[in-house]
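Asks: Enclosed is the structure file run27.tsv (TSV, C-alpha atoms).
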chain	number	residue	atom	x	y	z
X	9	ARG	CA	123.01	153.59	93.22
X	10	SER	CA	124.11	153.09	89.62
X	11	THR	CA	125.72	149.82	88.55
X	12	THR	CA	129.39	150.25	87.61
X	13	ASP	CA	131.03	148.89	84.46
X	14	ALA	CA	133.27	146.71	86.63
X	15	GLU	CA	130.25	145.08	88.31
X	16	ILE	CA	128.65	144.36	84.94
X	17	HIS	CA	131.93	142.92	83.62
X	18	ASN	CA	132.33	140.68	86.69
X	19	THR	CA	128.77	139.38	86.33
X	20	ALA	CA	129.28	138.71	82.61
X	21	CYS	CA	132.38	136.66	83.45
X	22	PHE	CA	130.52	134.77	86.15
X	23	VAL	CA	127.69	133.66	83.84
X	24	LYS	CA	129.97	132.25	81.15
X	25	GLY	CA	129.61	128.84	82.75
X	26	ILE	CA	125.81	128.85	82.88
X	27	GLY	CA	125.39	127.40	79.38
X	28	PRO	CA	126.07	123.76	80.35
X	29	ALA	CA	123.56	124.02	83.22
X	30	PHE	CA	120.91	125.27	80.79
X	31	GLN	CA	121.74	122.45	78.37
X	32	ARG	CA	121.39	119.79	81.07
X	33	ALA	CA	118.05	121.22	82.18
X	34	ALA	CA	116.78	121.31	78.60
X	35	ALA	CA	117.85	117.71	78.01
X	36	ALA	CA	116.01	116.54	81.11
X	37	THR	CA	112.55	117.63	79.97
X	38	ASP	CA	110.64	117.91	76.70
X	39	ASP	CA	108.42	120.87	77.59
X	40	LEU	CA	110.99	123.45	78.69
X	41	LYS	CA	111.01	126.10	75.97
X	42	TRP	CA	112.97	129.05	77.36
X	43	MET	CA	115.32	129.66	80.28
X	44	TYR	CA	116.50	133.02	81.55
X	45	PHE	CA	119.13	134.31	83.93
X	46	GLY	CA	118.91	137.93	85.06
X	47	SER	CA	121.24	139.59	87.54
X	48	THR	CA	120.91	142.61	89.81
X	49	THR	CA	123.41	144.35	87.51
X	50	GLY	CA	121.11	143.97	84.50
X	51	VAL	CA	123.03	141.16	82.78
X	52	LEU	CA	120.74	138.82	80.84
X	53	VAL	CA	121.32	135.29	79.51
X	54	ASN	CA	118.72	133.54	77.31
X	55	TYR	CA	118.60	129.85	76.42
X	56	PRO	CA	118.40	129.01	73.64
X	57	GLY	CA	120.28	132.05	72.43
X	58	PHE	CA	119.10	134.34	69.66
X	59	LEU	CA	120.42	137.26	67.66
X	60	TRP	CA	119.74	140.42	69.68
X	61	ARG	CA	118.26	143.45	67.94
X	62	HIS	CA	120.81	146.19	67.25
X	63	ASP	CA	120.52	149.90	66.55
X	64	GLU	CA	122.07	151.71	63.59
X	65	GLN	CA	125.42	151.93	65.39
X	66	GLY	CA	125.50	148.18	65.99
X	67	ARG	CA	124.72	148.44	69.71
X	68	CYS	CA	122.27	146.17	71.52
X	69	ALA	CA	118.86	147.66	72.26
X	70	ALA	CA	119.43	149.71	75.40
X	71	GLU	CA	115.79	150.01	76.43
X	72	TYR	CA	115.49	146.37	77.55
X	73	ASP	CA	116.17	145.77	81.23
X	74	PRO	CA	115.60	142.21	82.50
X	75	ARG	CA	115.09	143.54	86.04
X	76	MET	CA	111.82	145.11	84.87
X	77	ARG	CA	110.44	141.87	83.44
X	78	PRO	CA	107.72	139.93	85.30
X	79	TRP	CA	109.76	136.70	85.38
X	80	TYR	CA	112.65	138.49	87.15
X	81	ALA	CA	110.41	140.27	89.66
X	82	ALA	CA	108.50	137.07	90.45
X	83	ALA	CA	111.69	135.09	91.08
X	84	ALA	CA	113.26	137.87	93.14
X	85	SER	CA	110.34	138.65	95.43
X	86	GLY	CA	107.56	136.09	95.10
X	87	PRO	CA	103.84	137.01	94.84
X	88	ARG	CA	103.10	140.64	95.68
X	89	ASN	CA	100.13	142.86	96.34
X	90	VAL	CA	100.78	146.33	94.91
X	91	LEU	CA	98.62	149.39	95.45
X	92	LEU	CA	99.60	152.59	93.67
X	93	ILE	CA	98.50	155.94	95.12
X	94	ILE	CA	99.05	158.67	92.52
X	95	ASP	CA	98.84	162.40	93.25
X	96	THR	CA	97.04	164.20	90.40
X	97	SER	CA	96.68	167.60	92.08
X	98	GLY	CA	97.36	170.82	90.17
X	99	SER	CA	100.88	171.16	91.56
X	100	MET	CA	101.81	167.90	89.82
X	101	SER	CA	101.74	169.84	86.55
X	102	ASN	CA	104.91	171.67	87.69
X	103	HIS	CA	108.42	170.41	86.91
X	104	ASN	CA	107.06	167.58	84.74
X	105	ARG	CA	105.85	165.75	87.85
X	106	MET	CA	102.70	164.27	86.33
X	107	ALA	CA	104.59	162.75	83.42
X	108	LEU	CA	107.18	161.34	85.84
X	109	ALA	CA	104.44	159.81	88.00
X	110	ILE	CA	102.75	158.19	85.00
X	111	ASP	CA	106.02	156.76	83.70
X	112	ALA	CA	106.99	155.44	87.15
X	113	ALA	CA	103.58	153.85	87.76
X	114	ASN	CA	103.52	152.20	84.35
X	115	ASN	CA	107.02	150.80	84.91
X	116	VAL	CA	105.80	149.25	88.15
X	117	VAL	CA	102.85	147.65	86.33
X	118	ASP	CA	105.19	146.31	83.63
X	119	GLY	CA	107.17	144.49	86.32
X	120	LEU	CA	104.14	142.58	87.62
X	121	GLY	CA	103.10	139.06	86.64
X	122	HIS	CA	100.05	136.83	86.85
X	123	VAL	CA	100.88	135.77	90.43
X	124	ASP	CA	100.64	139.38	91.64
X	125	TRP	CA	97.64	141.54	92.61
X	126	VAL	CA	97.32	145.24	91.80
X	127	SER	CA	95.12	148.32	91.82
X	128	ALA	CA	95.52	152.11	91.92
X	129	VAL	CA	94.07	155.19	93.57
X	130	ALA	CA	94.40	158.60	91.92
X	131	PHE	CA	93.55	161.71	93.91
X	132	SER	CA	93.37	165.46	93.87
X	133	SER	CA	90.46	167.13	95.72
X	134	GLU	CA	88.20	165.12	98.05
X	135	SER	CA	85.53	164.87	95.37
X	136	SER	CA	88.05	163.70	92.76
X	137	ILE	CA	89.41	160.48	94.25
X	138	ARG	CA	89.34	157.75	91.61
X	139	VAL	CA	90.07	154.04	91.93
X	140	TYR	CA	91.03	151.70	89.12
X	141	SER	CA	89.09	148.91	90.85
X	142	THR	CA	87.26	148.53	94.15
X	143	GLU	CA	89.60	145.67	95.15
X	144	LEU	CA	92.97	144.40	94.04
X	145	LYS	CA	92.88	142.46	90.77
X	146	ARG	CA	95.14	139.67	89.60
X	147	ALA	CA	97.83	141.20	87.39
X	148	THR	CA	97.06	139.29	84.21
X	149	LEU	CA	98.22	140.69	80.89
X	150	SER	CA	94.79	142.19	80.20
X	151	THR	CA	94.65	143.79	83.65
X	152	ARG	CA	98.12	145.28	83.24
X	153	CYS	CA	97.25	146.74	79.82
X	154	GLU	CA	93.96	148.16	81.10
X	155	LEU	CA	95.59	149.65	84.19
X	156	LYS	CA	98.36	151.28	82.17
X	157	ASP	CA	95.75	152.92	79.93
X	158	TRP	CA	93.93	154.15	83.04
X	159	ILE	CA	97.14	155.58	84.49
X	160	SER	CA	98.19	157.21	81.21
X	161	ASP	CA	94.90	159.15	81.08
X	162	LEU	CA	95.47	160.86	84.44
X	163	LYS	CA	95.61	164.67	84.43
X	164	ALA	CA	96.91	167.13	87.04
X	165	THR	CA	94.21	169.41	88.47
X	166	GLY	CA	92.67	170.43	91.80
X	167	THR	CA	93.84	170.34	95.41
X	168	THR	CA	95.68	167.59	97.36
X	169	ALA	CA	93.39	165.48	99.53
X	170	MET	CA	96.11	163.15	100.80
X	171	LYS	CA	94.34	161.99	103.95
X	172	SER	CA	91.18	161.09	102.03
X	173	ALA	CA	93.23	159.23	99.41
X	174	PHE	CA	94.98	157.07	102.01
X	175	ARG	CA	91.69	156.38	103.76
X	176	ARG	CA	90.26	155.14	100.44
X	177	ALA	CA	93.39	153.07	99.77
X	178	PHE	CA	93.12	151.22	103.10
X	179	GLN	CA	89.43	150.57	102.42
X	180	LEU	CA	90.45	148.99	99.13
X	181	LEU	CA	92.97	146.75	100.91
X	182	ASP	CA	90.30	145.71	103.40
X	183	ALA	CA	87.95	144.80	100.54
X	184	SER	CA	90.70	142.63	99.01
X	185	GLU	CA	91.62	140.72	102.16
X	186	ASN	CA	90.19	137.38	101.04
X	187	LEU	CA	91.63	137.60	97.51
X	188	ILE	CA	95.23	138.63	97.71
X	189	SER	CA	98.53	136.92	98.36
X	190	SER	CA	99.52	136.68	102.01
X	191	CYS	CA	103.19	137.28	101.21
X	192	GLN	CA	103.94	140.97	100.64
X	193	THR	CA	101.89	144.11	100.27
X	194	ALA	CA	103.44	147.34	99.01
X	195	ILE	CA	101.81	150.76	98.82
X	196	LEU	CA	103.64	152.97	96.32
X	197	PHE	CA	102.87	156.64	96.92
X	198	LEU	CA	103.79	159.01	94.04
X	199	THR	CA	103.45	162.69	94.96
X	200	ASP	CA	105.08	166.10	95.29
X	201	GLY	CA	104.66	165.86	99.07
X	202	GLN	CA	102.36	168.84	99.66
X	203	PRO	CA	98.92	168.08	101.18
X	204	SER	CA	96.16	170.66	101.24
X	205	LEU	CA	95.01	172.26	104.51
X	206	ASN	CA	93.70	169.64	106.99
X	207	GLN	CA	94.80	166.83	104.66
X	208	ASP	CA	97.99	165.71	106.42
X	209	PRO	CA	97.57	161.91	106.24
X	210	THR	CA	99.75	161.05	109.25
X	211	ASP	CA	96.90	160.32	111.67
X	212	VAL	CA	95.36	157.92	109.13
X	213	VAL	CA	98.50	156.25	107.79
X	214	LEU	CA	100.42	155.51	110.99
X	215	PRO	CA	97.61	153.66	112.85
X	216	GLU	CA	96.71	151.70	109.70
X	217	LEU	CA	100.30	150.62	109.10
X	218	SER	CA	100.81	149.67	112.74
X	219	ARG	CA	97.98	147.13	112.48
X	220	ARG	CA	99.20	145.82	109.12
X	221	PRO	CA	102.76	144.52	109.74
X	222	LYS	CA	103.01	143.00	106.24
X	223	VAL	CA	102.24	146.28	104.50
X	224	LYS	CA	105.20	148.45	103.47
X	225	LEU	CA	104.90	152.04	102.27
X	226	PHE	CA	107.25	153.36	99.60
X	227	ALA	CA	106.99	157.12	99.00
X	228	TYR	CA	108.41	158.95	95.99
X	229	SER	CA	108.62	162.75	95.69
X	230	LEU	CA	108.73	163.58	92.00
X	231	GLY	CA	110.39	166.45	90.14
X	232	ASP	CA	112.24	169.53	91.34
X	233	GLY	CA	110.97	172.02	93.89
X	234	ILE	CA	110.04	169.57	96.67
X	235	THR	CA	109.84	171.47	99.97
X	236	ASP	CA	111.54	170.48	103.22
X	237	GLU	CA	108.09	170.07	104.77
X	238	GLY	CA	107.06	167.66	102.02
X	239	THR	CA	110.23	165.64	102.47
X	240	ALA	CA	109.76	165.48	106.25
X	241	LEU	CA	106.17	164.27	105.81
X	242	MET	CA	107.18	161.44	103.46
X	243	GLN	CA	109.94	160.33	105.83
X	244	THR	CA	107.53	160.27	108.77
X	245	LEU	CA	105.05	158.12	106.84
X	246	VAL	CA	107.52	155.49	105.64
X	247	CYS	CA	109.37	155.08	108.93
X	248	GLU	CA	106.34	153.44	110.57
X	249	SER	CA	106.38	150.52	108.13
X	250	LYS	CA	110.16	150.46	107.69
X	251	GLY	CA	109.53	151.42	104.07
X	252	ILE	CA	111.64	153.53	101.74
X	253	TYR	CA	111.51	157.17	100.75
Would you mind writing the file's structure down as structure tokens?
Replies:
Amino acid sequence: RSTTDAEIHNTACFVKGIGPAFQRAAAATDDLKWMYFGSTTGVLVNYPGFLWRHDEQGRCAAEYDPRMRPWYAAAASGPRNVLLIIDTSGSMSNHNRMALAIDAANNVVDGLGHVDWVSAVAFSSESSIRVYSTELKRATLSTRCELKDWISDLKATGTTAMKSAFRRAFQLLDASENLISSCQTAILFLTDGQPSLNQDPTDVVLPELSRRPKVKLFAYSLGDGITDEGTALMQTLVCESKGIY
């Protein structure tokens, strides 16, 4: 749901007293350069303070959201393993779906930090399944930049080999078993929800998730025109891991 003005106002009032706590922490150590407070409502406090950039109307830059920054995500959730599965089939060219998928995936990558692990699988037909890497990679700045370039180059074409894509994704997780954080693993599935004939992934996904209790599936149907069948499929997949659709 959207954050209300009243919630933002209440949070802003609450953080008025945080300055002295920042000052005490800064006085206690010589090597503490910056401190941040970010709330679930999007309120941000920096220490030391600085003059925020304004637009021509004198408003603060609206595109900055502290909840999308790596320091916020790391503090809120701890180390994460993130695997993106991105549908690049021909139907993703409809209703601006491919552009939405690219933007969403890149926003996820922007929210990762060096304690996280990440990779991506892009799929259309069975012969067109691509992986960013054969195992999850630590989400360093260079990895995040490289992965965003890889994602931004994706094009919508071909059929929808969903089952094959999930099979490849679980193989990638298996190959990463000795590398990744043991805390949380999230599979983010970006699609229009329509598999090709004989490519319903249910009989691959449900057994794999049942043996991986720490893996959660989050499915996102993008753009207008999503069918009831596509919606029902996504809901079936996420229920097994108590994920979110």
Asks: Out of X:Val129, X:Leu241, X:Leu225, X:Ile94, which residue has the shortest atom-to-atom distance to Ile110 in chain X when counting only C-alpha atoms?
Replies: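 Nearest candidate to Ile110 in chain X out of X:Val129, X:Leu241, X:Leu225, X:Ile94: X:Ile94.
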Asks: When you count only C-alpha atoms, which of these residues is closest to Val223 in chain X: X:Gly251, X:Gly238, X:Pro203, X:Pro209?
Replies: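 Nearest candidate to Val223 in chain X out of X:Gly251, X:Gly238, X:Pro203, X:Pro209: X:Gly251.
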Asks: Can you measure CA of Ile252 in chain X to CA of Arg77 in chain X for me? One decimal in Å is fine.
Replies: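 So the answer is 21.7 Å.
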Asks: Residues at most 8 Å from Val123 in chain X, counting only C-alpha atoms, excluding those fewer than 2 positions away in the same chain, as an mmCIF file with C-alpha atoms, in the frame of the given file?
Replies:
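Output file out-v6.cif follows:
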data_model
loop_
_atom_site.group_PDB
_atom_site.id
_atom_site.type_symbol
_atom_site.label_atom_id
_atom_site.label_comp_id
_atom_site.auth_asym_id
_atom_site.auth_seq_id
_atom_site.Cartn_x
_atom_site.Cartn_y
_atom_site.Cartn_z
ATOM 1 C CA ALA X 82 108.500 137.070 90.450
ATOM 2 C CA PRO X 87 103.840 137.010 94.840
ATOM 3 C CA ARG X 88 103.100 140.640 95.680
ATOM 4 C CA GLY X 121 103.100 139.060 86.640
ATOM 5 C CA TRP X 125 97.640 141.540 92.610
ATOM 6 C CA ARG X 146 95.140 139.670 89.600
ATOM 7 C CA ALA X 147 97.830 141.200 87.390
#
Asks: May I ask for the distance between CA of Asp73 in chain X and CA of Lys145 in chain X, given in Å to one decimal place?
Replies: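 If I compute the distance from CA of Asp73 in chain X to CA of Lys145 in chain X, I get 25.4 Å.
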Asks: Up to 6 Å from (118.3, 144.0, 87.2) in the file's coordinates: name the residues, counting all atoms listed in the file, as number ranges by chain.
Replies: X: 47-50, 74-75
Asks: Do you have the CA of Cys21 in chain X-CA of Val51 in chain X distance handy?
Replies: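 That distance, rounded to one decimal, is 10.4 Å.
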Asks: Got a sec: who's within 10 Å of Ile26 in chain X, counting all atoms listed in the file, leaving out chain neighbours fewer than 6 positions off, as a short mmCIF file (atom, residue, chain, number, x, y, z; two decimals) with C-alpha atoms, in the frame of the given file?
Replies:
data_model
loop_
_atom_site.label_atom_id
_atom_site.label_comp_id
_atom_site.auth_asym_id
_atom_site.auth_seq_id
_atom_site.Cartn_x
_atom_site.Cartn_y
_atom_site.Cartn_z
CA PHE X 45 119.13 134.31 83.93
CA VAL X 53 121.32 135.29 79.51
CA TYR X 55 118.60 129.85 76.42
#
Asks: Can you tell me, as a list in words, what residues are no more than 10 Å from Leu198 in chain X when counting all atoms listed in the file, ignoring any on the same chain fewer than 5 positions away?
Replies: Leu92, Ile93, Ile94, Asp95, Thr96, Arg105, Met106, Leu108, Ala109, Ile110, Ala112, Ala113, Ala130, Phe226, Ala227, Tyr228, Ser229 and Leu230 of chain X
Asks: Between X:Asp118, X:Asp39, X:Asp63, X:Asp157, which one has atoms that come closest to Pro78 in chain X, using all atoms listed in the file?
Replies: X:Asp118
Asks: Please provide as a list in words all residues within 9 Å of Phe178 in chain X, with the sequence filter that same-chain residues fewer than 4 positions apart are discarded (counting only C-alpha atoms).
Replies: Ala173, Phe174, Asp182, Ala183, Val213 and Glu216 of chain X
Asks: How about saving the chosen residues, C-alpha atoms kept, as a tab-separated table (two decimals), keeping the file's coordinate frame?
Replies:
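out17.tsv was written with the following content:
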chain	number	residue	atom	x	y	z
X	173	ALA	CA	93.23	159.23	99.41
X	174	PHE	CA	94.98	157.07	102.01
X	182	ASP	CA	90.30	145.71	103.40
X	183	ALA	CA	87.95	144.80	100.54
X	213	VAL	CA	98.50	156.25	107.79
X	216	GLU	CA	96.71	151.70	109.70
Asks: Would you please work out which residue, of X:Gly201, X:Ser135, X:Tyr140, X:Asp38, is nearest to Gly233 in chain X when using all atoms listed in the file?
Replies: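 Between X:Gly201, X:Ser135, X:Tyr140, X:Asp38, the residue approaching Gly233 in chain X most closely is X:Gly201.
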